[in-house]
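Structure file target.cif; described as mmCIF, N, CA and C atoms.
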data_target
#
loop_
_atom_site.label_atom_id
_atom_site.label_comp_id
_atom_site.auth_asym_id
_atom_site.auth_seq_id
_atom_site.Cartn_x
_atom_site.Cartn_y
_atom_site.Cartn_z
N MET H 1 54.37 -70.19 10.53
CA MET H 1 53.59 -69.12 9.95
C MET H 1 52.24 -68.99 10.64
N LYS H 2 51.66 -70.13 11.03
CA LYS H 2 50.37 -70.08 11.72
C LYS H 2 50.49 -69.36 13.05
N TYR H 3 51.65 -69.52 13.69
CA TYR H 3 51.88 -68.90 14.99
C TYR H 3 51.77 -67.38 14.89
N TRP H 4 52.47 -66.78 13.92
CA TRP H 4 52.44 -65.33 13.77
C TRP H 4 51.12 -64.85 13.19
N GLY H 5 50.52 -65.64 12.33
CA GLY H 5 49.21 -65.27 11.79
C GLY H 5 48.13 -65.26 12.87
N PHE H 6 48.22 -66.23 13.78
CA PHE H 6 47.27 -66.29 14.88
C PHE H 6 47.45 -65.09 15.82
N LEU H 7 48.71 -64.70 16.06
CA LEU H 7 48.97 -63.51 16.87
C LEU H 7 48.42 -62.26 16.20
N ALA H 8 48.64 -62.12 14.90
CA ALA H 8 48.12 -60.96 14.17
C ALA H 8 46.59 -60.93 14.20
N ALA H 9 45.96 -62.10 14.08
CA ALA H 9 44.50 -62.16 14.12
C ALA H 9 43.98 -61.77 15.50
N LYS H 10 44.63 -62.26 16.56
CA LYS H 10 44.20 -61.89 17.92
C LYS H 10 44.37 -60.41 18.17
N LEU H 11 45.48 -59.84 17.71
CA LEU H 11 45.70 -58.40 17.88
C LEU H 11 44.67 -57.58 17.09
N ALA H 12 44.34 -58.04 15.88
CA ALA H 12 43.35 -57.33 15.07
C ALA H 12 41.96 -57.38 15.71
N VAL H 13 41.58 -58.56 16.20
CA VAL H 13 40.26 -58.68 16.84
C VAL H 13 40.22 -57.87 18.13
N GLY H 14 41.29 -57.94 18.93
CA GLY H 14 41.35 -57.16 20.16
C GLY H 14 41.29 -55.67 19.89
N SER H 15 42.00 -55.22 18.85
CA SER H 15 41.98 -53.80 18.50
C SER H 15 40.59 -53.38 18.02
N GLY H 16 39.95 -54.23 17.24
CA GLY H 16 38.61 -53.90 16.76
C GLY H 16 37.59 -53.80 17.90
N VAL H 17 37.66 -54.74 18.84
CA VAL H 17 36.74 -54.71 19.98
C VAL H 17 37.00 -53.47 20.84
N LEU H 18 38.27 -53.18 21.09
CA LEU H 18 38.60 -52.00 21.91
C LEU H 18 38.22 -50.70 21.20
N PHE H 19 38.38 -50.66 19.87
CA PHE H 19 37.96 -49.47 19.13
C PHE H 19 36.45 -49.30 19.19
N GLY H 20 35.71 -50.41 19.13
CA GLY H 20 34.25 -50.35 19.28
C GLY H 20 33.85 -49.85 20.66
N ILE H 21 34.56 -50.31 21.68
CA ILE H 21 34.28 -49.82 23.04
C ILE H 21 34.57 -48.33 23.14
N TRP H 22 35.68 -47.88 22.52
CA TRP H 22 36.02 -46.46 22.56
C TRP H 22 34.96 -45.62 21.85
N LEU H 23 34.49 -46.09 20.69
CA LEU H 23 33.42 -45.36 19.99
C LEU H 23 32.14 -45.32 20.82
N GLY H 24 31.84 -46.44 21.50
CA GLY H 24 30.66 -46.47 22.37
C GLY H 24 30.80 -45.50 23.54
N LEU H 25 31.97 -45.43 24.13
CA LEU H 25 32.18 -44.48 25.23
C LEU H 25 32.06 -43.05 24.73
N TYR H 26 32.62 -42.78 23.57
CA TYR H 26 32.59 -41.42 23.03
C TYR H 26 31.16 -40.99 22.70
N SER H 27 30.34 -41.91 22.19
CA SER H 27 28.96 -41.55 21.86
C SER H 27 28.06 -41.57 23.10
N TRP H 28 28.42 -42.33 24.12
CA TRP H 28 27.60 -42.44 25.32
C TRP H 28 27.82 -41.28 26.29
N TYR H 29 29.05 -40.79 26.40
CA TYR H 29 29.38 -39.80 27.42
C TYR H 29 28.73 -38.45 27.09
N PRO H 30 28.00 -37.86 28.05
CA PRO H 30 27.37 -36.55 27.81
C PRO H 30 28.38 -35.42 28.06
N PHE H 31 28.91 -34.87 26.99
CA PHE H 31 29.85 -33.75 27.14
C PHE H 31 29.09 -32.50 27.59
N PRO H 32 29.72 -31.66 28.40
CA PRO H 32 29.06 -30.42 28.84
C PRO H 32 28.74 -29.51 27.65
N GLY H 33 27.77 -28.60 27.84
CA GLY H 33 27.30 -27.74 26.76
C GLY H 33 28.35 -26.76 26.27
N TYR H 34 29.27 -26.35 27.10
CA TYR H 34 30.24 -25.36 26.65
C TYR H 34 31.28 -25.94 25.68
N TYR H 35 31.28 -27.25 25.48
CA TYR H 35 32.19 -27.82 24.48
C TYR H 35 31.66 -27.58 23.06
N ALA H 36 30.37 -27.34 22.90
CA ALA H 36 29.82 -27.11 21.57
C ALA H 36 30.24 -25.75 21.03
N SER H 37 30.29 -24.74 21.91
CA SER H 37 30.67 -23.41 21.45
C SER H 37 32.17 -23.27 21.24
N ARG H 38 32.94 -24.01 22.04
CA ARG H 38 34.40 -23.94 21.95
C ARG H 38 34.94 -25.37 21.88
N PRO H 39 35.01 -25.96 20.68
CA PRO H 39 35.42 -27.35 20.60
C PRO H 39 36.90 -27.53 20.99
N GLN H 40 37.11 -28.44 21.89
CA GLN H 40 38.45 -28.80 22.31
C GLN H 40 38.42 -30.22 22.83
N ASP H 41 39.54 -30.78 23.01
CA ASP H 41 39.60 -32.15 23.51
C ASP H 41 39.19 -32.16 24.98
N ALA H 42 38.31 -33.09 25.34
CA ALA H 42 37.82 -33.14 26.71
C ALA H 42 38.85 -33.73 27.66
N PHE H 43 39.84 -34.44 27.12
CA PHE H 43 40.86 -35.04 27.97
C PHE H 43 41.66 -33.95 28.69
N LEU H 44 41.82 -34.09 29.96
CA LEU H 44 42.51 -33.16 30.87
C LEU H 44 41.72 -31.88 31.14
N HIS H 45 40.53 -31.73 30.54
CA HIS H 45 39.68 -30.58 30.83
C HIS H 45 38.39 -31.00 31.54
N ASP H 46 38.07 -32.28 31.49
CA ASP H 46 36.86 -32.81 32.11
C ASP H 46 37.26 -34.03 32.93
N LEU H 47 37.15 -33.94 34.26
CA LEU H 47 37.66 -34.99 35.14
C LEU H 47 36.99 -36.34 34.92
N PRO H 48 35.66 -36.45 34.79
CA PRO H 48 35.07 -37.78 34.55
C PRO H 48 35.54 -38.42 33.24
N TRP H 49 35.66 -37.59 32.18
CA TRP H 49 36.13 -38.13 30.91
C TRP H 49 37.59 -38.58 31.01
N THR H 50 38.41 -37.82 31.71
CA THR H 50 39.82 -38.18 31.89
C THR H 50 39.93 -39.49 32.68
N THR H 51 39.12 -39.63 33.73
CA THR H 51 39.12 -40.87 34.52
C THR H 51 38.66 -42.05 33.67
N LEU H 52 37.63 -41.84 32.87
CA LEU H 52 37.14 -42.89 31.98
C LEU H 52 38.21 -43.31 30.97
N MET H 53 38.98 -42.36 30.47
CA MET H 53 40.04 -42.68 29.51
C MET H 53 41.20 -43.42 30.19
N PHE H 54 41.50 -43.08 31.43
CA PHE H 54 42.53 -43.82 32.16
C PHE H 54 42.10 -45.27 32.40
N VAL H 55 40.84 -45.47 32.75
CA VAL H 55 40.33 -46.84 32.94
C VAL H 55 40.33 -47.59 31.61
N PHE H 56 39.97 -46.91 30.53
CA PHE H 56 40.01 -47.53 29.21
C PHE H 56 41.44 -47.90 28.82
N ASN H 57 42.40 -47.06 29.17
CA ASN H 57 43.80 -47.36 28.91
C ASN H 57 44.24 -48.61 29.68
N LEU H 58 43.81 -48.75 30.92
CA LEU H 58 44.11 -49.96 31.68
C LEU H 58 43.51 -51.20 31.03
N LEU H 59 42.29 -51.07 30.52
CA LEU H 59 41.64 -52.17 29.81
C LEU H 59 42.43 -52.56 28.56
N CYS H 60 42.89 -51.57 27.81
CA CYS H 60 43.69 -51.84 26.60
C CYS H 60 44.98 -52.57 26.96
N ASN H 61 45.65 -52.12 28.02
CA ASN H 61 46.89 -52.78 28.44
C ASN H 61 46.63 -54.20 28.92
N ALA H 62 45.53 -54.42 29.64
CA ALA H 62 45.20 -55.77 30.11
C ALA H 62 44.92 -56.71 28.94
N VAL H 63 44.22 -56.23 27.93
CA VAL H 63 43.94 -57.06 26.75
C VAL H 63 45.24 -57.43 26.05
N LEU H 64 46.15 -56.47 25.91
CA LEU H 64 47.44 -56.75 25.26
C LEU H 64 48.26 -57.77 26.06
N VAL H 65 48.28 -57.63 27.37
CA VAL H 65 49.02 -58.58 28.21
C VAL H 65 48.42 -59.98 28.11
N PHE H 66 47.10 -60.10 28.13
CA PHE H 66 46.48 -61.42 28.02
C PHE H 66 46.74 -62.06 26.65
N ILE H 67 46.76 -61.25 25.59
CA ILE H 67 47.06 -61.78 24.26
C ILE H 67 48.49 -62.29 24.21
N ILE H 68 49.43 -61.54 24.77
CA ILE H 68 50.83 -61.96 24.75
C ILE H 68 51.04 -63.20 25.61
N LEU H 69 50.42 -63.25 26.79
CA LEU H 69 50.57 -64.44 27.65
C LEU H 69 49.97 -65.67 26.99
N ASP H 70 48.84 -65.52 26.31
CA ASP H 70 48.24 -66.65 25.62
C ASP H 70 49.13 -67.11 24.47
N GLN H 71 49.73 -66.17 23.76
CA GLN H 71 50.57 -66.52 22.62
C GLN H 71 51.86 -67.19 23.05
N ARG H 72 52.37 -66.85 24.21
CA ARG H 72 53.63 -67.40 24.69
C ARG H 72 53.55 -68.92 24.87
N TYR H 73 52.38 -69.43 25.25
CA TYR H 73 52.23 -70.86 25.50
C TYR H 73 51.50 -71.55 24.35
N ARG H 74 51.84 -71.19 23.14
CA ARG H 74 51.29 -71.83 21.95
C ARG H 74 52.41 -72.47 21.14
N CYS H 75 52.06 -73.50 20.39
CA CYS H 75 53.04 -74.20 19.54
C CYS H 75 53.49 -73.25 18.44
N ARG H 76 54.79 -73.25 18.16
CA ARG H 76 55.35 -72.35 17.15
C ARG H 76 55.05 -72.84 15.73
N SER H 77 54.63 -74.09 15.59
CA SER H 77 54.33 -74.63 14.26
C SER H 77 52.85 -74.56 13.91
N CYS H 78 52.01 -75.07 14.81
CA CYS H 78 50.58 -75.16 14.48
C CYS H 78 49.72 -74.12 15.19
N GLY H 79 50.22 -73.48 16.22
CA GLY H 79 49.46 -72.44 16.90
C GLY H 79 48.51 -72.96 17.98
N ARG H 80 48.53 -74.26 18.25
CA ARG H 80 47.66 -74.81 19.30
C ARG H 80 48.28 -74.59 20.67
N ARG H 81 47.45 -74.61 21.70
CA ARG H 81 47.95 -74.44 23.07
C ARG H 81 48.85 -75.62 23.43
N LEU H 82 49.94 -75.33 24.12
CA LEU H 82 50.84 -76.37 24.60
C LEU H 82 50.22 -77.02 25.83
N ARG H 83 50.41 -78.32 25.97
CA ARG H 83 49.78 -79.09 27.04
C ARG H 83 50.81 -79.84 27.85
N MET H 84 50.32 -80.60 28.81
CA MET H 84 51.09 -81.53 29.62
C MET H 84 52.29 -80.88 30.31
N PRO H 85 52.06 -79.92 31.20
CA PRO H 85 53.20 -79.32 31.90
C PRO H 85 53.87 -80.33 32.83
N ILE H 86 55.17 -80.39 32.73
CA ILE H 86 55.97 -81.29 33.57
C ILE H 86 57.01 -80.45 34.28
N ARG H 87 57.00 -80.51 35.60
CA ARG H 87 57.99 -79.79 36.39
C ARG H 87 59.22 -80.68 36.59
N SER H 88 60.38 -80.07 36.39
CA SER H 88 61.62 -80.81 36.59
C SER H 88 62.61 -79.90 37.30
N GLY H 89 63.66 -80.50 37.83
CA GLY H 89 64.66 -79.74 38.55
C GLY H 89 64.23 -79.51 40.00
N SER H 90 65.06 -78.79 40.72
CA SER H 90 64.79 -78.57 42.13
C SER H 90 65.38 -77.24 42.56
N HIS H 91 64.72 -76.61 43.53
CA HIS H 91 65.26 -75.38 44.09
C HIS H 91 66.49 -75.66 44.95
N ALA H 92 66.64 -76.89 45.41
CA ALA H 92 67.79 -77.26 46.23
C ALA H 92 69.05 -77.43 45.38
N TYR H 93 68.89 -77.79 44.11
CA TYR H 93 70.04 -78.00 43.22
C TYR H 93 70.02 -76.96 42.10
N VAL H 94 70.15 -75.71 42.48
CA VAL H 94 70.00 -74.61 41.54
C VAL H 94 71.11 -74.61 40.49
N ILE H 95 72.32 -75.00 40.86
CA ILE H 95 73.43 -74.93 39.92
C ILE H 95 73.35 -76.03 38.87
N PHE H 96 73.04 -77.24 39.28
CA PHE H 96 73.08 -78.38 38.36
C PHE H 96 71.74 -78.67 37.69
N ARG H 97 70.64 -78.53 38.43
CA ARG H 97 69.31 -78.78 37.87
C ARG H 97 68.34 -77.70 38.31
N PRO H 98 68.38 -76.52 37.72
CA PRO H 98 67.45 -75.47 38.14
C PRO H 98 66.01 -75.87 37.79
N PRO H 99 65.05 -75.38 38.56
CA PRO H 99 63.65 -75.76 38.30
C PRO H 99 63.15 -75.15 37.00
N ARG H 100 62.35 -75.93 36.29
CA ARG H 100 61.74 -75.47 35.05
C ARG H 100 60.47 -76.27 34.80
N THR H 101 59.67 -75.77 33.89
CA THR H 101 58.45 -76.45 33.48
C THR H 101 58.53 -76.69 31.98
N ASP H 102 58.26 -77.91 31.56
CA ASP H 102 58.29 -78.27 30.15
C ASP H 102 56.86 -78.46 29.66
N TYR H 103 56.56 -77.87 28.51
CA TYR H 103 55.26 -78.05 27.86
C TYR H 103 55.53 -78.68 26.49
N ILE H 104 54.61 -79.52 26.03
CA ILE H 104 54.77 -80.12 24.71
C ILE H 104 53.54 -79.86 23.85
N CYS H 105 53.77 -79.88 22.57
CA CYS H 105 52.66 -79.84 21.61
C CYS H 105 52.14 -81.25 21.50
N ILE H 106 50.84 -81.43 21.61
CA ILE H 106 50.29 -82.78 21.59
C ILE H 106 50.38 -83.42 20.21
N TYR H 107 50.72 -82.64 19.18
CA TYR H 107 50.90 -83.19 17.85
C TYR H 107 52.37 -83.44 17.53
N GLY H 108 53.26 -83.24 18.53
CA GLY H 108 54.65 -83.60 18.38
C GLY H 108 55.53 -82.60 17.67
N HIS H 109 55.08 -81.34 17.59
CA HIS H 109 55.89 -80.35 16.87
C HIS H 109 57.09 -79.85 17.67
N GLY H 110 57.00 -79.84 18.99
CA GLY H 110 58.12 -79.34 19.76
C GLY H 110 57.84 -79.27 21.24
N THR H 111 58.84 -78.77 21.98
CA THR H 111 58.78 -78.66 23.44
C THR H 111 59.20 -77.27 23.85
N LEU H 112 58.50 -76.71 24.82
CA LEU H 112 58.84 -75.40 25.37
C LEU H 112 59.33 -75.59 26.80
N LYS H 113 60.55 -75.15 27.07
CA LYS H 113 61.13 -75.24 28.40
C LYS H 113 61.13 -73.85 29.02
N VAL H 114 60.36 -73.68 30.09
CA VAL H 114 60.22 -72.38 30.75
C VAL H 114 60.95 -72.43 32.09
N PRO H 115 62.03 -71.65 32.25
CA PRO H 115 62.73 -71.64 33.54
C PRO H 115 61.89 -70.97 34.62
N GLU H 116 61.91 -71.53 35.82
CA GLU H 116 61.12 -70.98 36.90
C GLU H 116 61.94 -70.12 37.84
N LEU H 117 63.24 -70.25 37.79
CA LEU H 117 64.13 -69.50 38.67
C LEU H 117 64.98 -68.59 37.80
N GLN H 118 64.91 -67.30 38.04
CA GLN H 118 65.61 -66.33 37.22
C GLN H 118 66.71 -65.68 38.06
N ILE H 119 67.87 -66.32 38.14
CA ILE H 119 68.95 -65.81 38.97
C ILE H 119 69.76 -64.75 38.25
N THR H 120 70.12 -65.00 37.02
CA THR H 120 71.01 -64.09 36.29
C THR H 120 70.24 -63.11 35.42
N GLY H 121 69.01 -62.87 35.71
CA GLY H 121 68.18 -61.98 34.90
C GLY H 121 67.08 -62.77 34.23
N ARG H 122 66.32 -62.10 33.43
CA ARG H 122 65.19 -62.74 32.77
C ARG H 122 65.69 -63.68 31.67
N GLU H 123 65.32 -64.94 31.81
CA GLU H 123 65.68 -65.95 30.82
C GLU H 123 64.48 -66.22 29.92
N LYS H 124 64.76 -66.30 28.64
CA LYS H 124 63.68 -66.55 27.68
C LYS H 124 63.34 -68.04 27.67
N PRO H 125 62.08 -68.37 27.46
CA PRO H 125 61.71 -69.78 27.30
C PRO H 125 62.40 -70.36 26.06
N ASP H 126 62.77 -71.61 26.14
CA ASP H 126 63.51 -72.28 25.08
C ASP H 126 62.58 -73.19 24.30
N TRP H 127 62.34 -72.88 23.02
CA TRP H 127 61.51 -73.71 22.16
C TRP H 127 62.41 -74.64 21.38
N LYS H 128 62.15 -75.95 21.50
CA LYS H 128 62.93 -76.95 20.78
C LYS H 128 61.99 -77.68 19.83
N LYS H 129 62.27 -77.53 18.55
CA LYS H 129 61.44 -78.18 17.54
C LYS H 129 61.86 -79.63 17.41
N ASN H 130 60.90 -80.55 17.35
CA ASN H 130 61.18 -81.97 17.17
C ASN H 130 61.34 -82.23 15.68
N ASN H 131 62.47 -82.84 15.30
CA ASN H 131 62.72 -83.13 13.89
C ASN H 131 61.91 -84.33 13.42
N ASP H 132 61.73 -85.29 14.30
CA ASP H 132 61.00 -86.49 13.94
C ASP H 132 59.70 -86.51 14.73
N ASN H 133 58.76 -87.26 14.27
CA ASN H 133 57.49 -87.36 14.97
C ASN H 133 57.71 -88.07 16.31
N MET H 134 57.45 -87.37 17.41
CA MET H 134 57.73 -87.94 18.72
C MET H 134 56.75 -89.04 19.11
N TRP H 135 55.61 -89.13 18.44
CA TRP H 135 54.63 -90.16 18.77
C TRP H 135 54.88 -91.44 17.98
N LYS H 136 55.79 -91.41 17.02
CA LYS H 136 56.05 -92.58 16.19
C LYS H 136 56.57 -93.74 17.03
N GLU H 137 57.35 -93.45 18.05
CA GLU H 137 57.90 -94.49 18.91
C GLU H 137 56.80 -95.25 19.65
N LEU H 138 55.77 -94.54 20.08
CA LEU H 138 54.69 -95.21 20.80
C LEU H 138 53.92 -96.17 19.91
N PHE H 139 53.75 -95.82 18.65
CA PHE H 139 52.99 -96.69 17.75
C PHE H 139 53.82 -97.83 17.20
N SER H 140 55.14 -97.79 17.39
CA SER H 140 55.99 -98.86 16.87
C SER H 140 56.35 -99.88 17.94
N LEU H 141 55.75 -99.81 19.12
CA LEU H 141 56.06 -100.75 20.20
C LEU H 141 55.54 -102.14 19.86
N PRO H 142 56.28 -103.19 20.26
CA PRO H 142 55.79 -104.55 19.99
C PRO H 142 54.57 -104.84 20.87
N GLY H 143 53.71 -105.68 20.38
CA GLY H 143 52.51 -106.03 21.14
C GLY H 143 51.41 -105.00 20.96
N LYS H 144 51.54 -104.19 19.95
CA LYS H 144 50.51 -103.18 19.68
C LYS H 144 49.26 -103.87 19.19
N ARG H 145 48.13 -103.43 19.72
CA ARG H 145 46.87 -104.02 19.29
C ARG H 145 46.46 -103.44 17.96
N THR H 146 45.91 -104.27 17.15
CA THR H 146 45.39 -103.83 15.85
C THR H 146 43.88 -103.91 15.87
N ASP H 147 43.27 -103.47 14.83
CA ASP H 147 41.80 -103.49 14.76
C ASP H 147 41.28 -104.92 14.59
N ASP H 148 42.15 -105.85 14.14
CA ASP H 148 41.72 -107.24 13.93
C ASP H 148 41.61 -108.00 15.24
N ASP H 149 42.25 -107.55 16.33
CA ASP H 149 42.24 -108.27 17.62
C ASP H 149 40.89 -108.23 18.27
#
Since I need it in another form, could you write the structure as structure tokens?
Amino acid sequence: MKYWGFLAAKLAVGSGVLFGIWLGLYSWYPFPGYYASRPQDAFLHDLPWTTLMFVFNLLCNAVLVFIILDQRYRCRSCGRRLRMPIRSGSHAYVIFRPPRTDYICIYGHGTLKVPELQITGREKPDWKKNNDNMWKELFSLPGKRTDDD
């Protein structure tokens, strides 16, 4: 739930910032005097305004792409960034061990396997949730130091 809530919050903040930029552009741009007598949309009738709106559209698309890319590499349980990328596989052994990158949640919630070679089309990253705490094994090793040592 945190994963989708965090995405919704990022989209809301991004939309608010972009709407503020749009209002600032609209109040800043000096429209020609003949628009006051005959009100119409300046888009496609005023070249600088049209160019400014195209650049603003590119900015909106860039913000959306960055939000989606950031969200793709987040834990599906807690919403934190995934860490510790590990490359596995090889380009030489494409059939048996295709190359991929594995990311893990540092709190042990799961692993994201991202394929690096897309032969049969776009492959989705595979999120595998850990049922048990993956760090429990490290703390149960013999010879573990305690605070009394």
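Closest to H:Lys10 among H:Phe56, H:Phe31, H:Trp49, H:Phe66 is H:Phe66, based on only C-alpha atoms.
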task = Run DSSP on the backbone and grab whatever in chain H lands in helix (DSSP H, G or I); send it over as an MDAnalysis selection string.
result = chainID H and resid 2:28 34:37 47:72 136:139
key: Residue nearest H:Arg97 - candidates H:Val13, H:Thr111, H:Pro125, H:Leu117, atoms counted: only C-alpha atoms   = H:Leu117
May I have the centre and edge lengths, in Å to one decimal, of an axis-aligned box around the listed atoms of stretch 88-92 of chain H with 4 Å added to every side, as lines of an AutoDock Vina configuration file?
center_x = 64.7
center_y = -78.1
center_z = 41.3
size_x = 16.7
size_y = 13.4
size_z = 17.8
query = Separation of atom CA of H:Leu11 and atom CA of H:Lys113, in Å?
reply =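 Atom-to-atom, atom CA of H:Leu11 and atom CA of H:Lys113 are spaced 25.1 Å apart.
Summary of the local environment: counting only N, CA and C atoms, residues at most 7 Å from H:Met1, other than itself and those fewer than 6 positions away along its chain, are Arg76, Ser77 and Cys78 of chain H.
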Could you write out the selected residues, including N, CA and C atoms, as a PDB file, in the coordinates of the input?
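Once written, part_2.pdb looks like this:
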ATOM      1  N   ARG H  76      54.790 -73.250  18.160  1.00  0.00           N
ATOM      2  CA  ARG H  76      55.350 -72.350  17.150  1.00  0.00           C
ATOM      3  C   ARG H  76      55.050 -72.840  15.730  1.00  0.00           C
ATOM      4  N   SER H  77      54.630 -74.090  15.590  1.00  0.00           N
ATOM      5  CA  SER H  77      54.330 -74.630  14.260  1.00  0.00           C
ATOM      6  C   SER H  77      52.850 -74.560  13.910  1.00  0.00           C
ATOM      7  N   CYS H  78      52.010 -75.070  14.810  1.00  0.00           N
ATOM      8  CA  CYS H  78      50.580 -75.160  14.480  1.00  0.00           C
ATOM      9  C   CYS H  78      49.720 -74.120  15.190  1.00  0.00           C
TER      10      CYS H  78
END
note = Using all atoms listed in the file, the best pick from H:Ile119, H:Trp127, H:Gly79, H:Val94 as closest to H:Lys2 would be H:Gly79
Which of H:Val114, H:Asp126, H:Arg81, H:Gly5 sits closest to H:Pro99 [using only N, CA and C atoms] =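 Under the stated criterion, the closest residue is H:Val114.
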